[in-house]
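These notes are about the structure you will find just below.
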Amino acid sequence: MPRILDSLPVLYRGLLPAFFEREIPTETKATCASCAMCETSCESVVAPVDGRSRLFRPDTKCCTFHPRLPNYLVGALLSDDDPSMAEGRRRVEAKLAARIGATPQWLKAPAKFDLLYTSSRRAFGRSATLRCPYYDVGPGSCTIWRYREAVCSTFFCKYVAGADGRKLWMSIKTFLSLVEIQLSRHALFRLHPEYIHHNRSRGEAESSPLTVDQLDEEAPPEAEYKAMWREWTGREAEYYRACFDEVRGLSAADLERFLGLDGTLEEAILDRLYGAAVSPELPEVLRFNPDATVQWLPDGSVALGAYSEYDAIGLPGEAYALLVEFTGNEPVSGVRRRLREQKQADLDEEVLLVLHRHRVLVSS
């Protein structure tokens with residue numbers, strides 16, 4: 001099995017704690033090259049229970065999101081002269097030239113994009129307006145994948161460990177986001193401390209009405225931009241490369257110090273969730289989830305979903321009558337014994353474990 005670290009930018013090798021050296025099953029259900037959420041990749045398309053499609057557009061896939069790249073990852077990309085990264089470098093350089101979303105700490109989404117994203121409903125994977133600027137529609141791939149940020153490194157539409165896998169990867173995202181904040185702040189403090197001294201880092205998180213230049217996606221006023229970048233104005237690419245140099249010279253001990261107690265707490269959460277995702281145990285008592293989505297298919301089988309609208313599980317129709325016998329009033333072993341005695345049928349432990357991981361069956 002691959003290590004967790006293998007899913008992340010190479011820069012983090014030698015920096016992240018030992019937890020990230022652990023092995024984790026490959027997310028084989030999330031087939032990015034032939035998107036598992038696109039109609040063209042599905043063997044059969046099932047009409048949704050509520051009439052609202054969950055499928056993604058093939059010209060966006062799940063890339064309807066604008067990454068927030070920390071300064072050192074932008075610098076790593078700009079420092080990479082590999083021809084395969086040329087298109088990614090070109091797109092990043094174009095964003096820097098436009099001066100939109102470029103700050104000393106992040107290369108981030110325009111304010112209008114953030115407003116549209118947070119205000120949209122059921123648009124993820126389905127809106128060309130929200131398509132990532134680094135997504136290359138032709139081959140259907142990411143032009144900056146080697147230097148992706150926390151969200152892009154940890155999102156999967158489907159998880160082999162179901163709800164337990166999603167919890168683990170979401171917690172990994174939380175940890176990596178903390179890493180991005182602290183490493184980018186370190187580089188920022190080393191190279192451009194005035195930005196922190198003037199409290200601009202905190203101001204980035206504040207929401208306020210959009211200005212005219214933000215609505216029209218134009219560069220901010222010259223005076224405002226120069227006040228932010230100061231002596232680095234016009235040398236933004238050089239600044240980002242310098243941030244990369246600052247971070248790649250750090251050790252694991254340096255990062256541990258930067259993360260402090262927050263890092264310790266988040267790593268403890270990761271350690272607990274890892275066991276459930278990689279070495280699951282079947283609960284002693286289970287009941288059928290009353291909130292599970294149930295859809296009968298033309299061939300008589302049934303599709304069941306619970307933890308995610310993207311990840312249903314299929315079973316033979318006759319299995320559904322067995323599932324409703326799990327009421328949470330007796331141990332799993334007792335239900336199975338009763339099913340064998342009264343109905344000459346059974347659901348073995350492996351099937352029950354999959355159903356539990358998808359939260360079709362939940363612990364009482």
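Order determines the names: the first chain of the structure tokens is A, the second B, and so forth; residues in each chain are numbered 1 upward, and ligands are numbered 1 upward as they are shown.
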Using only C-alpha atoms, what does the table of range 83-135 of chain A residues within 12 Å of range 69-78 of chain A look like, with each row giving the shortest atom pair and its distance in Å to one decimal, sorted by chain and ascending number, as a Markdown table?
| residue | atom | partner | partner_atom | distance |
| --- | --- | --- | --- | --- |
| A:Pro83 | CA | A:Leu77 | CA | 11.7 |
| A:Ser84 | CA | A:Leu77 | CA | 11.2 |
| A:Met85 | CA | A:Leu77 | CA | 7.7 |
| A:Ala86 | CA | A:Leu78 | CA | 9.3 |
| A:Glu87 | CA | A:Leu77 | CA | 10.7 |
| A:Gly88 | CA | A:Leu77 | CA | 7.8 |
| A:Arg89 | CA | A:Leu78 | CA | 5.9 |
| A:Arg90 | CA | A:Leu78 | CA | 9.1 |
| A:Arg91 | CA | A:Leu78 | CA | 10.5 |
| A:Val92 | CA | A:Val74 | CA | 7.9 |
| A:Glu93 | CA | A:Leu78 | CA | 8.2 |
| A:Ala94 | CA | A:Leu78 | CA | 11.9 |
| A:Lys95 | CA | A:Val74 | CA | 11.2 |
| A:Leu96 | CA | A:Val74 | CA | 10.4 |
| A:Gly101 | CA | A:Leu69 | CA | 10.2 |
| A:Ala102 | CA | A:Asn71 | CA | 9.3 |
| A:Thr103 | CA | A:Asn71 | CA | 8.3 |
| A:Pro104 | CA | A:Asn71 | CA | 6.7 |
| A:Gln105 | CA | A:Asn71 | CA | 5.2 |
| A:Trp106 | CA | A:Pro70 | CA | 4.6 |
| A:Leu107 | CA | A:Leu69 | CA | 5.1 |
| A:Lys108 | CA | A:Leu69 | CA | 6.2 |
| A:Ala109 | CA | A:Leu69 | CA | 9.3 |
| A:Tyr134 | CA | A:Leu69 | CA | 11.5 |
Output N, CA, C and O atoms of each residue in that selection to a file, as a CSV table (one decimal), in the first residue's frame.
chain,number,residue,atom,x,y,z
A,83,PRO,N,9.6,20.6,-18.3
A,83,PRO,CA,8.6,21.0,-19.3
A,83,PRO,C,7.2,20.6,-19.1
A,83,PRO,O,6.3,21.2,-19.6
A,84,SER,N,7.0,19.5,-18.3
A,84,SER,CA,5.6,19.1,-18.0
A,84,SER,C,4.9,20.1,-17.1
A,84,SER,O,3.6,20.0,-17.0
A,85,MET,N,5.6,21.0,-16.5
A,85,MET,CA,5.0,22.0,-15.6
A,85,MET,C,4.8,23.3,-16.3
A,85,MET,O,4.4,24.3,-15.7
A,86,ALA,N,5.2,23.4,-17.6
A,86,ALA,CA,5.2,24.7,-18.3
A,86,ALA,C,3.8,25.3,-18.3
A,86,ALA,O,3.7,26.5,-18.1
A,87,GLU,N,2.8,24.6,-18.6
A,87,GLU,CA,1.4,25.2,-18.6
A,87,GLU,C,1.0,25.7,-17.2
A,87,GLU,O,0.4,26.7,-17.1
A,88,GLY,N,1.3,24.9,-16.2
A,88,GLY,CA,1.0,25.4,-14.9
A,88,GLY,C,1.7,26.7,-14.5
A,88,GLY,O,1.2,27.6,-13.9
A,89,ARG,N,3.0,26.7,-14.9
A,89,ARG,CA,3.8,27.9,-14.6
A,89,ARG,C,3.2,29.1,-15.4
A,89,ARG,O,3.1,30.2,-14.9
A,90,ARG,N,2.8,28.9,-16.6
A,90,ARG,CA,2.2,29.9,-17.5
A,90,ARG,C,1.0,30.5,-16.8
A,90,ARG,O,0.8,31.7,-16.7
A,91,ARG,N,0.1,29.6,-16.3
A,91,ARG,CA,-1.1,30.1,-15.7
A,91,ARG,C,-0.9,30.8,-14.4
A,91,ARG,O,-1.6,31.8,-14.2
A,92,VAL,N,0.0,30.4,-13.6
A,92,VAL,CA,0.3,31.1,-12.4
A,92,VAL,C,1.0,32.4,-12.7
A,92,VAL,O,0.6,33.4,-12.1
A,93,GLU,N,1.9,32.5,-13.7
A,93,GLU,CA,2.5,33.8,-14.0
A,93,GLU,C,1.5,34.7,-14.6
A,93,GLU,O,1.5,36.0,-14.3
A,94,ALA,N,0.5,34.2,-15.3
A,94,ALA,CA,-0.6,35.1,-15.8
A,94,ALA,C,-1.4,35.7,-14.6
A,94,ALA,O,-1.8,36.8,-14.7
A,95,LYS,N,-1.7,34.9,-13.6
A,95,LYS,CA,-2.4,35.4,-12.4
A,95,LYS,C,-1.6,36.4,-11.7
A,95,LYS,O,-2.1,37.4,-11.2
A,96,LEU,N,-0.3,36.2,-11.6
A,96,LEU,CA,0.6,37.2,-11.0
A,96,LEU,C,0.6,38.5,-11.8
A,96,LEU,O,0.5,39.6,-11.2
A,101,GLY,N,-5.8,38.3,-6.6
A,101,GLY,CA,-5.7,37.2,-5.7
A,101,GLY,C,-4.3,36.9,-5.2
A,101,GLY,O,-4.0,35.9,-4.5
A,102,ALA,N,-3.3,37.7,-5.7
A,102,ALA,CA,-1.9,37.5,-5.3
A,102,ALA,C,-1.6,38.3,-4.1
A,102,ALA,O,-1.6,39.6,-4.1
A,103,THR,N,-1.3,37.6,-3.0
A,103,THR,CA,-0.9,38.3,-1.7
A,103,THR,C,0.4,37.7,-1.3
A,103,THR,O,0.8,36.6,-1.7
A,104,PRO,N,1.1,38.3,-0.4
A,104,PRO,CA,2.4,37.8,0.1
A,104,PRO,C,2.3,36.4,0.8
A,104,PRO,O,3.3,35.7,1.0
A,105,GLN,N,1.1,36.1,1.2
A,105,GLN,CA,0.9,34.8,1.9
A,105,GLN,C,0.3,33.7,1.0
A,105,GLN,O,0.6,32.5,1.1
A,106,TRP,N,-0.6,34.1,0.1
A,106,TRP,CA,-1.3,33.2,-0.7
A,106,TRP,C,-1.5,33.7,-2.2
A,106,TRP,O,-1.4,34.9,-2.4
A,107,LEU,N,-1.7,32.7,-3.1
A,107,LEU,CA,-2.2,33.0,-4.4
A,107,LEU,C,-3.6,32.3,-4.4
A,107,LEU,O,-3.7,31.1,-4.4
A,108,LYS,N,-4.6,33.2,-4.3
A,108,LYS,CA,-5.9,32.7,-3.9
A,108,LYS,C,-7.0,33.1,-4.9
A,108,LYS,O,-6.7,33.7,-5.9
A,109,ALA,N,-8.2,32.7,-4.7
A,109,ALA,CA,-9.3,33.0,-5.6
A,109,ALA,C,-9.7,34.4,-5.5
A,109,ALA,O,-9.5,35.1,-4.5
A,134,TYR,N,-6.7,26.3,-13.0
A,134,TYR,CA,-5.6,25.5,-13.4
A,134,TYR,C,-6.0,24.2,-14.0
A,134,TYR,O,-5.1,23.3,-14.3
With only C-alpha atoms counted and 12 Å as the cut-off, give the residues of range 84-190 of chain A in contact with range 279-299 of chain A, each with its shortest interatomic distance in Å and the pair that gives it, as a tab-separated table.
residue	atom	partner	partner_atom	distance
A:Val160	CA	A:Pro280	CA	11.9
A:Ala161	CA	A:Pro280	CA	8.7
A:Gly162	CA	A:Pro280	CA	11.0
A:Ala163	CA	A:Pro280	CA	11.4
A:Asp164	CA	A:Pro280	CA	8.6
A:Gly165	CA	A:Pro280	CA	10.4
Selection to disk with N, CA and C atoms, as a CSV table (one decimal), in the first residue's frame:
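Output (out06.csv):
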chain,number,residue,atom,x,y,z
A,160,VAL,N,-12.8,4.1,-0.3
A,160,VAL,CA,-12.9,2.7,-0.1
A,160,VAL,C,-13.3,2.3,1.4
A,161,ALA,N,-13.0,3.2,2.3
A,161,ALA,CA,-13.4,3.0,3.7
A,161,ALA,C,-14.7,3.7,4.1
A,162,GLY,N,-15.4,4.2,3.1
A,162,GLY,CA,-16.7,4.8,3.3
A,162,GLY,C,-16.5,6.0,4.2
A,163,ALA,N,-17.5,6.1,5.2
A,163,ALA,CA,-17.5,7.3,6.1
A,163,ALA,C,-16.2,7.4,6.9
A,164,ASP,N,-15.6,6.3,7.3
A,164,ASP,CA,-14.4,6.3,8.1
A,164,ASP,C,-13.3,6.9,7.2
A,165,GLY,N,-13.2,6.5,6.0
A,165,GLY,CA,-12.2,7.1,5.1
A,165,GLY,C,-12.3,8.5,4.9
From range 70-212 of chain A, collect each residue whose DSSP state is helix (DSSP H, G or I) and return the set as a PyMOL selection string.
chain A and resi 71-78+83-98+111-119+128-130+145-147+150-154+162-191+193-197+200-203+212
Show which residues sit within 12 Å of Val10 in chain A, as a ChimeraX atom specification. Count only C-alpha atoms, and ignore same-chain residues fewer than 6 positions away.
/A:4,16,73,76-77,145-149,153,248
What does the file look like for those residues with N, CA, C and O atoms, as a JSON list (two decimals), in the first residue's frame?
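Heads up, here's the output in out_11.json:
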[["chain", "number", "residue", "atom", "x", "y", "z"],
["A", 4, "ILE", "N", 0.64, 7.63, 3.18],
["A", 4, "ILE", "CA", -0.16, 8.85, 3.12],
["A", 4, "ILE", "C", 0.67, 9.94, 2.44],
["A", 4, "ILE", "O", 0.17, 10.71, 1.62],
["A", 16, "LEU", "N", 6.92, 16.46, 7.44],
["A", 16, "LEU", "CA", 5.72, 16.06, 8.18],
["A", 16, "LEU", "C", 6.04, 14.99, 9.22],
["A", 16, "LEU", "O", 7.01, 14.25, 9.08],
["A", 73, "LEU", "N", 4.47, 27.02, -1.99],
["A", 73, "LEU", "CA", 4.12, 26.10, -3.08],
["A", 73, "LEU", "C", 4.09, 26.83, -4.42],
["A", 73, "LEU", "O", 4.45, 26.26, -5.45],
["A", 76, "ALA", "N", 7.64, 26.95, -5.33],
["A", 76, "ALA", "CA", 8.12, 25.64, -5.78],
["A", 76, "ALA", "C", 7.75, 25.40, -7.23],
["A", 76, "ALA", "O", 8.55, 24.90, -8.04],
["A", 77, "LEU", "N", 6.52, 25.76, -7.58],
["A", 77, "LEU", "CA", 6.06, 25.62, -8.97],
["A", 77, "LEU", "C", 6.87, 26.50, -9.91],
["A", 77, "LEU", "O", 7.34, 26.05, -10.96],
["A", 145, "TRP", "N", -0.72, 20.00, -10.48],
["A", 145, "TRP", "CA", -0.96, 18.89, -9.54],
["A", 145, "TRP", "C", 0.24, 18.60, -8.65],
["A", 145, "TRP", "O", 0.10, 18.27, -7.48],
["A", 146, "ARG", "N", 1.42, 18.74, -9.15],
["A", 146, "ARG", "CA", 2.63, 18.45, -8.38],
["A", 146, "ARG", "C", 2.72, 19.36, -7.15],
["A", 146, "ARG", "O", 3.37, 19.02, -6.16],
["A", 147, "TYR", "N", 2.05, 20.50, -7.20],
["A", 147, "TYR", "CA", 2.13, 21.48, -6.11],
["A", 147, "TYR", "C", 0.74, 21.83, -5.57],
["A", 147, "TYR", "O", 0.49, 22.95, -5.15],
["A", 148, "ARG", "N", -0.13, 20.85, -5.55],
["A", 148, "ARG", "CA", -1.50, 21.05, -5.09],
["A", 148, "ARG", "C", -1.53, 21.35, -3.59],
["A", 148, "ARG", "O", -0.64, 20.97, -2.84],
["A", 149, "GLU", "N", -2.60, 22.02, -3.18],
["A", 149, "GLU", "CA", -2.75, 22.38, -1.78],
["A", 149, "GLU", "C", -3.58, 21.34, -1.03],
["A", 149, "GLU", "O", -3.92, 20.29, -1.60],
["A", 153, "SER", "N", -5.37, 17.77, -2.33],
["A", 153, "SER", "CA", -4.62, 16.56, -1.98],
["A", 153, "SER", "C", -5.47, 15.53, -1.27],
["A", 153, "SER", "O", -5.14, 14.34, -1.27],
["A", 248, "ARG", "N", 11.97, 25.04, 2.20],
["A", 248, "ARG", "CA", 12.67, 23.77, 1.93],
["A", 248, "ARG", "C", 13.94, 23.62, 2.77],
["A", 248, "ARG", "O", 14.51, 22.54, 2.82]]
Within 8 Å of range 185-201 of chain A using only C-alpha atoms, minus same-chain residues under 3 positions, as a ChimeraX atom specification
/A:71-72,104-105,181-182,204-205,228-229,239,242-244,246-247
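Among the candidates A:Arg99, A:Ile269, A:Gly275, A:Leu361, the one nearest to Glu236 in chain A when counting only C-alpha atoms is A:Arg99.
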Among range 86-170 of chain A, which ones does DSSP place in strand (DSSP E), written as a ChimeraX atom specification?
/A:106-107,135-136,141-142
Nearest to Pro133 in chain A, chosen from A:Ser333, A:Ser120, A:Thr60, A:Thr154, with only C-alpha atoms counted in the distances
A:Thr60
Which neighbours of Ala33 in chain A fall inside 10 Å, counting only C-alpha atoms, when residues of the same chain fewer than 6 positions from it are skipped, and could you give them as a VMD selection string?
chain A and resid 41 61 139 to 141
